[in-house]
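Q: Sharing a structure with you now.
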Amino acid sequence: MRFFRVVILTVLAALLLSACGAATVPTTEETTDSGQRFLISLPRLVVDVDSDGEASVNGLSIDAVNAIIPGAPLPDLTVNPYYVDWMTNTNIQHLEFVSTDNGVFIFANGEPLPFLAWDGDSLTNLGTLAGIANLPYGNLITRLVPIVQRTGLDIVMRFPTQPGATEIAVRDPSVAPEAMQPVTEETTPSFITRIDVNYDANGVPTIAGISSRDLAEAGVFLPIELTPQTLAQLKSNNVKEMRFVTGANGVFITVNGEALPQVSWNSALLTNSADLYAQVNPDSPYIALAKLLLPELSNLDIDLRVTLE
């Protein structure tokens, strides 16, 4: 009964804080592999941060909301005033984070940025990654996949607008963000890498027939050998191959051929990232370099494969 009470209070809190707006992030698949339905699509939550870093929603402070609905307390959303000033002075009026069945989308002043993309299989494989990283609750992560993928969240953080600045509209909530269409046309990469790294039973890597011990004898010391503990941890999770691939559509990581959630991008999203860097760091000496290199990431063709004996 306590579980249902928490769910009900959470929904009530969401409705209160969002003034009962429309559910702007619907997820379409409601039936899980177990045959049970689970789907929650909440209204957009707009969090206003004042110049002191204090957060409020629809004019209500977080403390006030928690006093009204004590069974579903909201976390402390206070922002360091330093970062509030930074956002205000560089005219970042709002940041938005949208979680859907396709991933987590990020917007700055309504402009899309590279995002974390997933599907059911890649989310399930996070349990394997938790085991590799020796994180607790790996099995729980796997069990949470149906909940994560079928919970729609849309959170906007608004910062004070600098005097004289034109107000920038928040993204239209009636249009659900969608995963970008994959880049399919042939492009000419600016950088190509194909490297296989094989680790032996002692954690010593070999690349193109040259081991780290061979390099050490020549006076080149690279900290790339695996410790016995790390090697045992990988083997206990039956890890035989890990692969890191980049291309026009983002960064892809697989373990034993099974995909993990990916960082998705295209040249337009990378250009937005470069523009954002320049906006929030107007005095940086690396603006020109960022605008040159960040969009170029979509032209990198890197394939790194690590195998274990």
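Residue names in the structure tokens use chain letters A, B, ... in the order shown, residue numbers from 1 in each chain, and ligand numbers from 1 in the order shown.
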Give me, as a PyMOL selection string, the residues of stretch 97-263 of chain A that a backbone DSSP run labels alpha helix (DSSP H).

A: chain A and resi 120-124+126-132+138-149+212-217+228-236

Q: I need the strand (DSSP E) residues of stretch 32-166 of chain A per DSSP on the backbone, written as JSON, numbers by chain.

A: {"A": [40, 41, 45, 46, 47, 48, 49, 55, 56, 57, 60, 61, 94, 95, 96, 97, 98, 99, 100, 103, 104, 105, 106, 107, 108, 111, 112, 115, 116, 117, 151, 152, 153, 154, 155, 156, 157, 158]}

Q: Can you list, as a list in words, every protein, DNA or RNA residue that comes within 10 Å of A:Glu111 when you count only C-alpha atoms, leaving out same-chain residues fewer than 2 positions away?

A: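 That gives Leu95, Glu96, Ile106, Phe107, Ala108, Asn109, Leu113, Val170, Arg171, Leu269, Asn272, Ser273 and Leu276 of chain A.
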
Q: Put those residues in a file: C-alpha atoms, as a compact mmCIF listing (two decimals), in the first residue's frame.

A:
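Dumped everything to result.txt:
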```txt
# COMPACT_ATOMS: atom_id res chain seq x y z
CA LEU A 95 18.02 24.42 -20.21
CA GLU A 96 15.69 21.53 -20.95
CA ILE A 106 19.07 18.16 -24.13
CA PHE A 107 18.22 21.69 -25.27
CA ALA A 108 19.90 25.02 -24.48
CA ASN A 109 17.75 28.07 -25.26
CA LEU A 113 22.46 19.29 -28.51
CA VAL A 170 10.98 27.63 -24.60
CA ARG A 171 10.65 24.73 -27.03
CA LEU A 269 24.06 19.13 -33.25
CA ASN A 272 25.19 23.79 -31.79
CA SER A 273 27.59 22.47 -29.15
CA LEU A 276 27.09 26.97 -26.98
```

Q: Considering only C-alpha atoms, return as a count of residues only whatever protein or nucleic-acid residues lie within 10 Å of A:Glu296, sequence-local ones (same chain, fewer than 5 positions apart) excluded.

A: 10

Q: Pick the closest to A:Asp196 from A:Arg305, A:Gly53, A:Gln233, A:Gln93: which is it, counting only C-alpha atoms?

A: A:Arg305

Q: Could you pull the residues within 12 Å of A:Asn238, counting only C-alpha atoms, minus those fewer than 4 positions along the same chain, as a PyMOL selection string?

A: chain A and resi 128-129+131-132+231-234+242+255-256+307-309

Q: Within 10 Å of A:Thr230, counting only C-alpha atoms, which residues qualify if same-chain residues fewer than 5 places away don't, as a ChimeraX atom specification?

A: /A:132-134,203,225,235-236

Q: Between atom CA of A:Ile210 and atom CA of A:Leu304, what is the distance, to one decimal in Å?

A: 16.2 Å
